[in-house]
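Structure file final_3.txt (compact mmCIF, C-alpha atoms) follows.
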# COMPACT_ATOMS: atom_id res chain seq x y z
CA MET A 189 34.26 16.36 8.88
CA ASN A 190 32.27 15.02 5.95
CA GLN A 191 29.82 12.20 6.50
CA VAL A 192 29.77 9.25 4.17
CA HIS A 193 26.61 8.46 2.25
CA PHE A 194 26.37 4.78 1.45
CA LEU A 195 23.29 3.67 3.35
CA THR A 196 21.87 7.21 3.25
CA LYS A 197 22.64 7.99 -0.39
CA ASN A 198 18.95 8.10 -1.36
CA PHE A 199 17.99 10.53 1.41
CA GLY A 200 16.31 13.56 -0.15
CA LYS A 201 16.85 12.21 -3.68
CA TYR A 202 13.32 10.97 -4.40
CA ASP A 203 9.67 11.39 -3.49
CA THR A 204 9.10 8.79 -0.76
CA SER A 205 5.43 8.49 -1.72
CA SER A 206 6.20 7.44 -5.31
CA ILE A 207 7.66 4.13 -6.44
CA GLY A 208 8.34 5.67 -9.85
CA SER A 209 10.47 8.33 -8.22
CA TYR A 210 12.37 5.61 -6.33
CA MET A 211 12.96 3.67 -9.54
CA ASN A 212 14.36 6.82 -11.16
CA VAL A 213 17.24 6.77 -8.65
CA GLY A 214 17.95 3.07 -9.21
CA GLY A 215 15.25 1.57 -7.03
CA PHE A 216 14.62 -2.18 -7.39
CA GLU A 217 17.71 -2.62 -9.57
CA ALA A 218 19.29 -4.52 -6.68
CA LEU A 219 16.30 -6.86 -6.58
CA ARG A 220 16.48 -7.40 -10.35
CA LYS A 221 20.13 -8.31 -9.90
CA ALA A 222 19.50 -10.49 -6.86
CA VAL A 223 17.01 -12.78 -8.59
CA THR A 224 19.58 -13.58 -11.27
CA MET A 225 22.08 -14.70 -8.63
CA ASP A 226 22.32 -17.88 -6.65
CA PRO A 227 21.29 -17.11 -3.04
CA GLU A 228 24.63 -18.45 -1.86
CA GLU A 229 26.40 -15.76 -3.90
CA ILE A 230 24.51 -13.14 -1.91
CA THR A 231 25.26 -14.71 1.47
CA ASP A 232 28.92 -15.05 0.44
CA LEU A 233 29.03 -11.32 -0.33
CA LEU A 234 27.48 -10.45 3.04
CA THR A 235 30.02 -12.69 4.75
CA ALA A 236 32.93 -11.22 2.80
CA VAL A 237 32.14 -7.66 3.93
CA LYS A 238 31.58 -8.86 7.51
CA ILE A 239 28.18 -7.27 8.12
CA LYS A 240 27.05 -7.74 11.70
CA GLY A 241 23.49 -7.23 12.89
CA ARG A 242 22.84 -3.55 13.55
CA GLY A 243 20.20 -4.11 16.20
CA GLY A 244 22.77 -4.74 18.91
CA ALA A 245 23.41 -8.50 18.88
CA GLU A 246 26.19 -8.18 16.26
CA TYR A 247 25.35 -11.58 14.72
CA PRO A 248 26.94 -11.97 11.24
CA LEU A 249 24.26 -11.40 8.59
CA GLY A 250 25.70 -13.79 6.00
CA ARG A 251 25.72 -16.60 8.53
CA LYS A 252 22.18 -15.83 9.69
CA TRP A 253 20.77 -15.91 6.16
CA SER A 254 22.69 -19.09 5.30
CA GLN A 255 21.34 -20.81 8.41
CA ALA A 256 17.80 -19.60 7.70
CA ARG A 257 18.00 -20.90 4.13
CA ALA A 258 19.25 -24.30 5.33
CA VAL A 259 16.27 -24.82 7.66
CA ARG A 260 13.69 -27.13 6.16
CA GLY A 261 10.09 -26.04 6.31
CA GLU A 262 7.25 -24.58 4.34
CA ARG A 263 6.04 -20.97 4.36
CA LYS A 264 9.12 -19.41 5.89
CA VAL A 265 8.89 -15.87 7.23
CA VAL A 266 11.10 -12.79 7.13
CA ILE A 267 10.56 -10.22 9.89
CA CYS A 268 11.89 -6.68 9.98
CA ASN A 269 12.36 -5.49 13.55
CA ALA A 270 11.40 -1.80 13.44
CA ASP A 271 10.52 -1.65 17.13
CA GLU A 272 13.57 0.53 17.96
CA GLY A 273 12.60 0.87 21.62
CA GLU A 274 16.17 1.47 22.79
CA THR A 275 16.36 4.94 24.26
CA THR A 276 18.55 7.50 22.41
CA THR A 277 18.35 5.31 19.27
CA PHE A 278 16.45 6.74 16.31
CA LYS A 279 18.44 5.74 13.24
CA ASP A 280 15.86 3.23 11.98
CA ARG A 281 13.24 5.97 12.09
CA GLU A 282 15.36 7.97 9.63
CA LEU A 283 15.63 5.02 7.23
CA ILE A 284 11.88 4.43 7.32
CA CYS A 285 11.15 8.13 6.87
CA HIS A 286 13.65 8.94 4.11
CA ASP A 287 13.99 5.64 2.21
CA PRO A 288 10.94 3.39 2.77
CA PHE A 289 11.06 1.69 -0.64
CA ASN A 290 14.64 0.55 0.00
CA LEU A 291 13.44 -1.29 3.11
CA ILE A 292 10.71 -3.03 1.11
CA GLU A 293 13.23 -3.99 -1.57
CA ALA A 294 15.60 -5.33 1.08
CA MET A 295 12.92 -7.55 2.59
CA ILE A 296 12.07 -9.01 -0.83
CA ILE A 297 15.76 -9.82 -1.38
CA ALA A 298 15.92 -11.44 2.07
CA ALA A 299 12.85 -13.52 1.20
CA TYR A 300 14.45 -14.66 -2.06
CA VAL A 301 17.65 -15.69 -0.28
CA VAL A 302 16.09 -17.59 2.65
CA GLY A 303 13.08 -18.93 0.73
CA ALA A 304 10.34 -17.04 2.59
CA SER A 305 6.79 -16.48 1.39
CA ASP A 306 5.62 -14.00 4.04
CA GLY A 307 7.14 -10.93 5.66
CA PHE A 308 6.22 -8.79 8.64
CA ILE A 309 7.41 -5.32 9.54
CA TYR A 310 7.00 -4.95 13.29
CA MET A 311 7.01 -1.21 13.93
CA ARG A 312 6.96 0.44 17.33
CA ALA A 313 3.68 2.08 18.34
CA GLU A 314 5.32 5.50 18.62
CA TYR A 315 6.11 5.44 14.89
CA ALA A 316 2.42 5.45 13.98
CA CYS A 317 2.96 8.53 11.80
CA PHE A 318 5.01 6.36 9.40
CA ARG A 319 2.32 3.70 8.94
CA PRO A 320 0.74 5.44 5.89
CA LEU A 321 4.19 5.82 4.32
CA LEU A 322 5.02 2.11 4.61
CA LEU A 323 1.51 0.94 3.69
CA ASN A 324 1.72 3.07 0.56
CA ALA A 325 5.16 1.62 -0.30
CA ILE A 326 3.86 -1.94 0.16
CA ARG A 327 0.77 -1.25 -1.95
CA GLN A 328 2.75 0.31 -4.80
CA ALA A 329 5.35 -2.47 -4.74
CA LYS A 330 2.53 -4.98 -5.13
CA ASN A 331 0.95 -2.99 -7.97
CA TYR A 332 4.28 -3.00 -9.84
CA GLY A 333 4.76 -6.74 -9.41
CA PHE A 334 7.55 -6.60 -6.84
CA LEU A 335 5.29 -8.24 -4.24
CA GLY A 336 2.72 -10.98 -4.72
CA THR A 337 3.02 -14.05 -6.94
CA ASN A 338 5.77 -14.96 -9.40
CA ILE A 339 7.85 -11.89 -8.60
CA LEU A 340 9.82 -10.70 -11.66
CA GLY A 341 8.93 -13.96 -13.33
CA ARG A 342 11.28 -15.89 -11.09
CA GLY A 343 8.66 -18.19 -9.59
CA PHE A 344 8.73 -17.01 -6.01
CA ASP A 345 5.88 -15.45 -4.06
CA PHE A 346 6.19 -12.98 -1.21
CA ASP A 347 3.94 -10.54 0.64
CA ILE A 348 4.64 -8.04 3.42
CA HIS A 349 2.34 -7.25 6.35
CA LEU A 350 2.76 -4.20 8.59
CA TYR A 351 2.20 -4.78 12.30
CA SER A 352 2.35 -2.09 14.99
CA GLY A 353 3.43 -2.96 18.50
CA ALA A 354 1.87 -1.68 21.71
CA GLY A 355 4.83 0.34 22.96
CA ALA A 356 6.58 -2.35 25.04
CA TYR A 357 10.37 -2.03 25.18
CA VAL A 358 10.76 -5.78 25.72
CA CYS A 359 9.17 -6.45 22.30
CA GLY A 360 12.47 -5.49 20.71
CA GLU A 361 13.59 -8.97 21.82
CA GLY A 362 12.94 -11.47 19.04
CA THR A 363 10.70 -14.00 20.78
CA ALA A 364 8.66 -11.29 22.55
CA LEU A 365 8.21 -9.54 19.21
CA ILE A 366 6.98 -12.77 17.64
CA ARG A 367 4.49 -13.40 20.43
CA SER A 368 3.18 -9.87 19.98
CA ILE A 369 2.61 -10.50 16.25
CA GLU A 370 0.73 -13.67 17.19
CA GLY A 371 -1.63 -11.64 19.36
CA LYS A 372 -0.17 -12.83 22.65
CA ALA A 373 1.35 -10.85 25.49
CA GLY A 374 4.77 -9.60 24.38
CA ARG A 375 6.88 -11.72 26.69
CA PRO A 376 10.08 -13.59 25.79
CA ARG A 377 10.19 -17.38 25.71
CA MET A 378 12.94 -19.87 26.35
CA LYS A 379 15.21 -20.97 23.52
CA PRO A 380 15.56 -23.52 21.92
CA PRO A 381 13.65 -23.85 19.72
CA PHE A 382 15.36 -20.92 18.02
CA ILE A 383 13.19 -18.72 15.87
CA LYS A 384 15.00 -19.76 12.70
CA VAL A 385 13.41 -23.19 13.28
CA SER A 386 10.15 -22.25 14.99
CA GLY A 387 9.30 -18.56 15.02
CA VAL A 388 6.10 -16.68 14.25
CA PHE A 389 3.12 -19.08 14.13
CA ALA A 390 5.69 -21.90 14.57
CA ARG A 391 7.09 -21.23 11.09
CA PRO A 392 10.84 -20.93 10.31
CA THR A 393 11.63 -17.25 10.75
CA CYS A 394 14.51 -14.93 9.88
CA LEU A 395 14.47 -11.66 11.84
CA ASN A 396 16.62 -8.62 11.09
CA ASN A 397 16.84 -4.99 12.14
CA VAL A 398 15.89 -2.12 9.78
CA GLU A 399 19.46 -0.88 9.32
CA THR A 400 20.79 -4.39 8.72
CA LEU A 401 18.25 -5.09 5.99
CA SER A 402 18.60 -1.65 4.42
CA LEU A 403 22.28 -2.24 3.70
CA VAL A 404 21.66 -5.17 1.36
CA PRO A 405 20.31 -3.42 -1.80
CA HIS A 406 23.15 -0.89 -1.66
CA LEU A 407 25.72 -3.68 -1.31
CA LEU A 408 24.37 -5.56 -4.32
CA LEU A 409 24.76 -2.44 -6.45
CA ASP A 410 28.26 -1.82 -5.06
CA GLU A 411 30.28 -4.12 -7.33
CA GLU A 412 31.47 -6.93 -5.02
CA GLY A 413 31.17 -4.53 -2.09
CA VAL A 414 34.33 -2.68 -3.16
CA TYR A 415 33.36 0.79 -1.92
CA TYR A 416 31.78 -0.52 1.27
CA ALA A 417 34.83 -2.64 2.06
CA SER A 418 37.07 0.39 1.53
CA CYS A 419 35.41 2.08 4.50
CA GLY A 420 36.09 1.09 8.05
CA SER A 421 38.96 -0.19 10.10
CA GLY A 422 40.29 -3.62 11.07
CA GLU A 423 37.52 -6.15 11.57
CA SER A 424 34.88 -3.40 11.45
CA ILE A 425 34.29 -2.94 7.73
CA GLY A 426 31.96 -0.40 6.18
CA THR A 427 29.75 2.31 7.59
CA LYS A 428 27.44 2.71 10.57
CA LEU A 429 24.49 4.92 11.40
CA VAL A 430 25.01 6.57 14.77
CA SER A 431 22.29 8.36 16.76
CA VAL A 432 23.72 11.09 18.99
CA ALA A 433 21.51 12.57 21.71
CA GLY A 434 21.84 14.45 24.97
CA ASN A 435 23.83 17.58 25.77
CA VAL A 436 25.29 18.19 22.30
CA ASN A 437 24.64 21.19 20.08
CA HIS A 438 23.41 19.24 17.07
CA PRO A 439 21.85 15.90 18.03
CA GLY A 440 20.98 13.70 15.09
CA VAL A 441 21.78 10.64 12.99
CA PHE A 442 25.11 10.46 11.19
CA GLU A 443 26.54 7.85 8.82
CA ILE A 444 30.20 7.33 9.60
CA PRO A 445 32.92 4.98 8.39
CA PHE A 446 33.96 2.61 11.15
CA GLY A 447 37.17 3.93 12.67
CA THR A 448 35.95 7.50 13.14
CA THR A 449 36.87 8.57 16.67
CA VAL A 450 34.27 9.32 19.32
CA ARG A 451 35.68 12.86 19.51
CA GLU A 452 35.08 13.41 15.77
CA ILE A 453 31.50 12.19 16.09
CA LEU A 454 30.69 14.42 19.05
CA TYR A 455 32.64 17.57 18.21
CA GLU A 456 32.67 17.67 14.40
CA LEU A 457 29.35 16.04 13.52
CA ALA A 458 27.22 16.70 16.61
CA GLY A 459 28.62 20.20 17.11
CA GLY A 460 30.31 19.71 20.48
CA ILE A 461 28.96 19.95 24.01
CA GLN A 462 26.40 22.63 24.82
CA HIS A 463 28.00 25.81 26.21
CA ASP A 464 31.40 24.04 26.16
CA ARG A 465 30.59 22.20 29.36
CA LYS A 466 32.58 19.17 30.46
CA ILE A 467 31.37 15.66 29.71
CA ARG A 468 30.21 13.73 32.75
CA LEU A 469 29.60 10.45 30.94
CA ILE A 470 28.72 8.92 27.57
CA GLN A 471 26.42 5.93 27.28
CA PHE A 472 26.88 3.73 24.21
CA GLY A 473 24.16 1.55 22.71
CA GLY A 474 21.03 2.84 24.44
CA ALA A 475 19.66 2.32 27.94
CA SER A 476 21.08 -1.22 28.05
CA GLY A 477 24.53 0.03 27.09
CA LYS A 478 27.64 0.64 29.15
CA ILE A 479 29.02 4.04 30.08
CA ALA A 480 32.42 5.73 29.87
CA ASP A 481 33.93 9.07 30.84
CA ASP A 482 35.70 11.52 28.52
CA SER A 483 38.84 9.38 28.42
CA ILE A 484 37.14 7.45 25.60
CA LEU A 485 37.01 10.42 23.20
CA ASP A 486 40.00 9.38 21.08
CA THR A 487 38.86 5.77 20.77
CA PRO A 488 37.95 4.69 17.21
CA TYR A 489 34.30 3.77 16.79
CA THR A 490 34.72 0.10 15.89
CA TYR A 491 33.38 -3.07 17.43
CA GLU A 492 36.79 -4.16 18.68
CA ASP A 493 38.07 -0.78 19.92
CA LEU A 494 34.92 0.10 21.84
CA ARG A 495 34.83 -3.37 23.35
CA ALA A 496 38.44 -2.98 24.48
CA ALA A 497 37.48 0.37 26.05
CA GLY A 498 34.74 -1.31 28.09
CA VAL A 499 31.67 -0.28 26.06
CA MET A 500 29.93 -1.55 22.92
CA VAL A 501 28.38 -0.41 19.65
CA GLY A 502 25.03 -1.94 20.57
CA SER A 503 22.13 -0.23 18.83
CA GLY A 504 24.33 2.63 17.61
CA GLY A 505 23.03 5.18 20.09
CA MET A 506 25.27 7.62 21.96
CA LEU A 507 23.91 9.62 24.90
CA VAL A 508 26.07 12.50 26.10
CA ILE A 509 25.57 13.75 29.66
CA ASP A 510 27.35 16.91 30.76
CA GLU A 511 28.54 17.99 34.20
CA ARG A 512 25.14 19.33 35.29
CA THR A 513 23.84 15.78 35.87
CA SER A 514 25.32 13.52 38.52
CA VAL A 515 26.20 9.92 37.74
CA LEU A 516 23.84 8.79 40.48
CA ASP A 517 20.90 10.73 39.06
CA PHE A 518 21.61 9.23 35.65
CA LEU A 519 21.68 5.69 37.06
CA ARG A 520 18.43 6.26 38.93
CA MET A 521 16.75 7.47 35.74
CA ASN A 522 18.03 4.44 33.83
CA GLN A 523 16.89 2.10 36.58
CA GLU A 524 13.42 3.66 36.64
CA PHE A 525 13.15 2.88 32.94
CA PHE A 526 14.02 -0.81 33.32
CA TRP A 527 11.82 -1.22 36.39
CA GLU A 528 8.89 0.04 34.32
CA GLU A 529 9.71 -1.92 31.16
CA SER A 530 10.46 -5.34 32.66
CA CYS A 531 7.73 -7.76 31.59
CA GLY A 532 7.86 -9.36 35.07
CA GLN A 533 7.99 -12.91 33.74
CA CYS A 534 11.28 -14.00 35.33
CA THR A 535 12.30 -13.45 38.95
CA PRO A 536 15.86 -12.12 38.45
CA CYS A 537 14.66 -9.24 36.26
CA ARG A 538 11.34 -8.55 38.01
CA GLU A 539 12.75 -8.48 41.55
CA GLY A 540 16.27 -7.40 40.67
CA ASN A 541 15.26 -4.18 38.93
CA LEU A 542 13.00 -3.23 41.82
CA HIS A 543 15.57 -3.83 44.56
CA ILE A 544 18.35 -2.05 42.69
CA LYS A 545 16.01 0.91 42.28
CA ILE A 546 15.39 0.90 46.04
CA ILE A 547 19.12 0.86 46.82
CA LEU A 548 19.91 3.65 44.35
CA ASP A 549 17.17 5.73 45.98
CA LYS A 550 18.77 5.04 49.36
CA MET A 551 22.11 6.23 47.96
CA ALA A 552 20.46 9.47 46.82
CA ALA A 553 18.94 9.92 50.27
CA GLY A 554 22.32 9.26 51.92
CA THR A 555 21.05 6.24 53.86
CA ALA A 556 22.71 3.40 51.89
CA THR A 557 25.27 1.21 53.65
CA ARG A 558 28.26 -0.72 52.39
CA GLU A 559 26.15 -3.84 52.72
CA ASP A 560 23.55 -2.28 50.41
CA ILE A 561 26.24 -1.65 47.79
CA ALA A 562 27.47 -5.24 48.05
CA ILE A 563 23.91 -6.56 47.69
CA MET A 564 23.28 -4.31 44.68
CA MET A 565 26.43 -5.57 42.94
CA LYS A 566 25.42 -9.16 43.62
CA ILE A 567 21.89 -8.64 42.27
CA ALA A 568 23.23 -6.95 39.14
CA ARG A 569 25.56 -9.86 38.41
CA VAL A 570 22.88 -12.47 39.07
CA MET A 571 20.54 -10.64 36.68
CA SER A 572 23.14 -10.59 33.92
CA MET A 573 23.71 -14.35 34.26
CA SER A 574 20.23 -15.72 34.87
CA SER A 575 17.56 -13.51 33.32
CA LEU A 576 15.32 -15.01 30.65
CA CYS A 577 16.04 -12.45 27.93
CA GLY A 578 18.33 -9.64 26.89
CA LEU A 579 16.43 -7.03 28.89
CA GLY A 580 17.34 -8.56 32.23
CA GLU A 581 20.79 -9.61 31.02
CA THR A 582 21.77 -6.07 30.01
CA ALA A 583 19.62 -3.86 32.28
CA GLN A 584 22.53 -3.42 34.69
CA ASN A 585 25.24 -2.71 32.11
CA SER A 586 25.22 0.97 32.99
CA LEU A 587 25.41 0.24 36.72
CA LEU A 588 28.18 -2.36 36.49
CA SER A 589 30.24 -0.17 34.16
CA ALA A 590 29.70 2.86 36.43
CA MET A 591 31.17 0.85 39.30
CA LYS A 592 34.38 0.56 37.28
CA VAL A 593 34.47 4.08 35.82
CA PHE A 594 33.30 5.94 38.94
CA PRO A 595 34.33 3.72 41.88
CA ASP A 596 34.26 6.61 44.38
CA LEU A 597 30.50 6.92 43.92
CA PHE A 598 30.03 3.48 45.45
CA ASP A 599 32.45 4.03 48.31
CA ILE A 600 30.02 5.12 50.98
CA GLY A 601 32.75 6.88 52.86
CA GLY A 602 34.21 8.50 49.73
CA ALA A 603 33.40 11.31 47.32
CA ARG A 604 30.25 11.55 45.23
CA ALA A 605 30.50 12.12 41.44

Same coordinates, now as structure tokens:
Amino acid sequence: MNQVHFLTKNFGKYDTSSIGSYMNVGGFEALRKAVTMDPEEITDLLTAVKIKGRGGAEYPLGRKWSQARAVRGERKVVICNADEGETTTFKDRELICHDPFNLIEAMIIAAYVVGASDGFIYMRAEYACFRPLLLNAIRQAKNYGFLGTNILGRGFDFDIHLYSGAGAYVCGEGTALIRSIEGKAGRPRMKPPFIKVSGVFARPTCLNNVETLSLVPHLLLDEEGVYYASCGSGESIGTKLVSVAGNVNHPGVFEIPFGTTVREILYELAGGIQHDRKIRLIQFGGASGKIADDSILDTPYTYEDLRAAGVMVGSGGMLVIDERTSVLDFLRMNQEFFWEESCGQCTPCREGNLHIKIILDKMAAGTATREDIAIMMKIARVMSMSSLCGLGETAQNSLLSAMKVFPDLFDIGGARA
């Protein structure tokens, strides 16, 4: 199966340390085009091709930029969320590594559309090796007049600042990320006010994921999004970067048209399961994602089809677990992760993750009771309804979906998967 190369078309085509090399493959032509357009034309294009946020929230990009532009306020901010703390998700890393100038160009276009004067790239601490690459791209963009004052003679000013996080998973959540940039503890806050009204340093803020932003320059050079719109299926238009990890022969990042089946992704792109073992489970969308068994293999990879199958696109990660690992061991590992990464600010998440961990450990030891299982289910549901942020709301997705996919595991008198 051949991959598509829309978002990844520049990979390997230019020297990522040279802005001149980037311009030789069409770099900054999208920006030159954008500044001749009315911002509403750009948001209309994004709406027409139905781009949803690629960080996991699936919020329509055209709507987000239109709302951000409509907010009144001085010194608006654009933030690129490059935290990518979701386990088994490493697609944004590939975009930063192989096409850093495209990300810079995308942020400048976003600033032009929403009326921002400052930008921040919030990059996860573990990506420290890419700091010199991005700092070099920012410096060269400024030297060539693409950043700074009166960009391309169009009367708008914009600068980008690179900020590295401290390795906290919760800082992938928008308000926690913003607090981290402000020098505070990276903990989520209540909404409203929403960040589009009062974000970083109380300024109107528009925050997007790396993959979401990176699409925009390519779309502007794709006449009216014709090629992009020709890819995909149903309501899921275009292409998607998918990170495949776990017990596959060729883990990696693949750009696929929406509508490609899960089987095609795993067996034709990722090389199949190691030593032809059977699949125990597949987790979609990172640690906070739901799980499925191998009955999902012929499901098209689209927002609507995966949702109907009980999982979600989420961050675009796919973790494949073969028959050597038990479902219970997988759930315990996942729970250990969330217990460690919870910021501890709200009771449902702080206490819920701990007590679910205790009950899963009791299940592994063979001492759990039916009452324990009932309590664990109740805690998981309370967490999903009452936690302060997305971490607590989604931490038990894998557990709750496992209860549906592998019900025998939770029948204390039944078989163990």

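The spacing separating CA of Ile600 (chain A) from CA of Ala562 (chain A) amounts to 11.1 Å.
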
Here CA of Glu528 (chain A) and CA of Gln584 (chain A) stand apart by 14.1 Å

Report as a PyMOL selection string all protein, DNA and RNA residues lying within 7 Å of region 344-353 of chain A, evaluated on all atoms listed in the file, omitting residues in the same chain fewer than 2 positions from it.
chain A and resi 304-313+326+335-339+342+355+369

* To do: Kindly extract all protein, DNA and RNA residues lying within 12 Å of the coordinates (4.3, -1.6, -9.7) given in the file, considering all atoms listed in the file, and supply them as a list in words.
  => Ser206, Ile207, Gly208, Ser209, Tyr210, Met211, Gly215, Phe216, Phe289, Asn324, Ala325, Ile326, Arg327, Gln328, Ala329, Lys330, Asn331, Tyr332, Gly333, Phe334, Leu335, Gly336, Ile339 and Leu340 of chain A

message: Need the shell around Ser483 (chain A): protein/DNA/RNA residues with any atom at most 12 Å away, counting all atoms listed in the file. Skip same-chain ones fewer than 3 positions apart. Format as a PyMOL selection string?
response: chain A and resi 449-451+466-470+479-480+486-487+497-498+593

Across A:Cys537, A:Leu403, A:Leu597, A:Met225, the smallest distance to Gly580 (chain A), with only C-alpha atoms counted, is shown by A:Cys537

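Atom pair CA of Ala245 (chain A) / CA of Pro392 (chain A) has a distance of 19.6 Å (rounded to one decimal).
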
Could you work out an axis-aligned box for region 534-542 of chain A, taking every atom the file lists and adding 6 Å on each side, and report centre and edge lengths in Å to one decimal, as AutoDock Vina command-line options?
--center_x 13.8 --center_y -8.6 --center_z 38.6 --size_x 17.0 --size_y 22.8 --size_z 18.5

*Might you pull out every residue within 9 Å of Thr393 (chain A), with all atoms listed in the file counted and same-chain residues fewer than 6 positions away left off, and present them as a PyMOL selection string?*
chain A and resi 256+264-267+304+382-387

| said: For region 548-553 of chain A, find every residue with an atom within 12 Å (counting only C-alpha atoms), except residues of its own chain fewer than 2 positions away, and show them as a ChimeraX atom specification. | reply: /A:514-524,541-546,555-561,563-565,587,597-601,604-605

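Among the candidate residues A:Arg375, A:Lys197, A:Arg512, A:Arg569, the one lying nearest to Gly540 (chain A) is A:Arg569, with distances computed using all atoms listed in the file.
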
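If you count all atoms listed in the file and ignore residues fewer than 3 places along the chain from Ala298 (chain A), what sits within 8 Å of it is Trp253, Val266, Ala294, Met295, Val301, Val302, Ala304 and Leu401 of chain A.
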
Could you make a table, as CSV, of the residues of region 476-532 of chain A that have an atom within 7 Å of an atom of region 275-279 of chain A, each with its nearest atom pair and distance in Å to one decimal, counting all atoms listed in the file, in chain and number order?
residue,atom,partner,partner_atom,distance
A:Ser503,CA,A:Thr277,CA,6.7
A:Gly504,CA,A:Thr277,CA,6.8
A:Gly505,CA,A:Thr277,CA,4.8
A:Met506,CA,A:Thr276,CA,6.7
A:Leu507,CA,A:Thr276,CA,6.3

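Closest to Asp510 (chain A) among A:Ala218, A:Ala390, A:Val192, A:Ile461 is A:Ile461, based on all atoms listed in the file.
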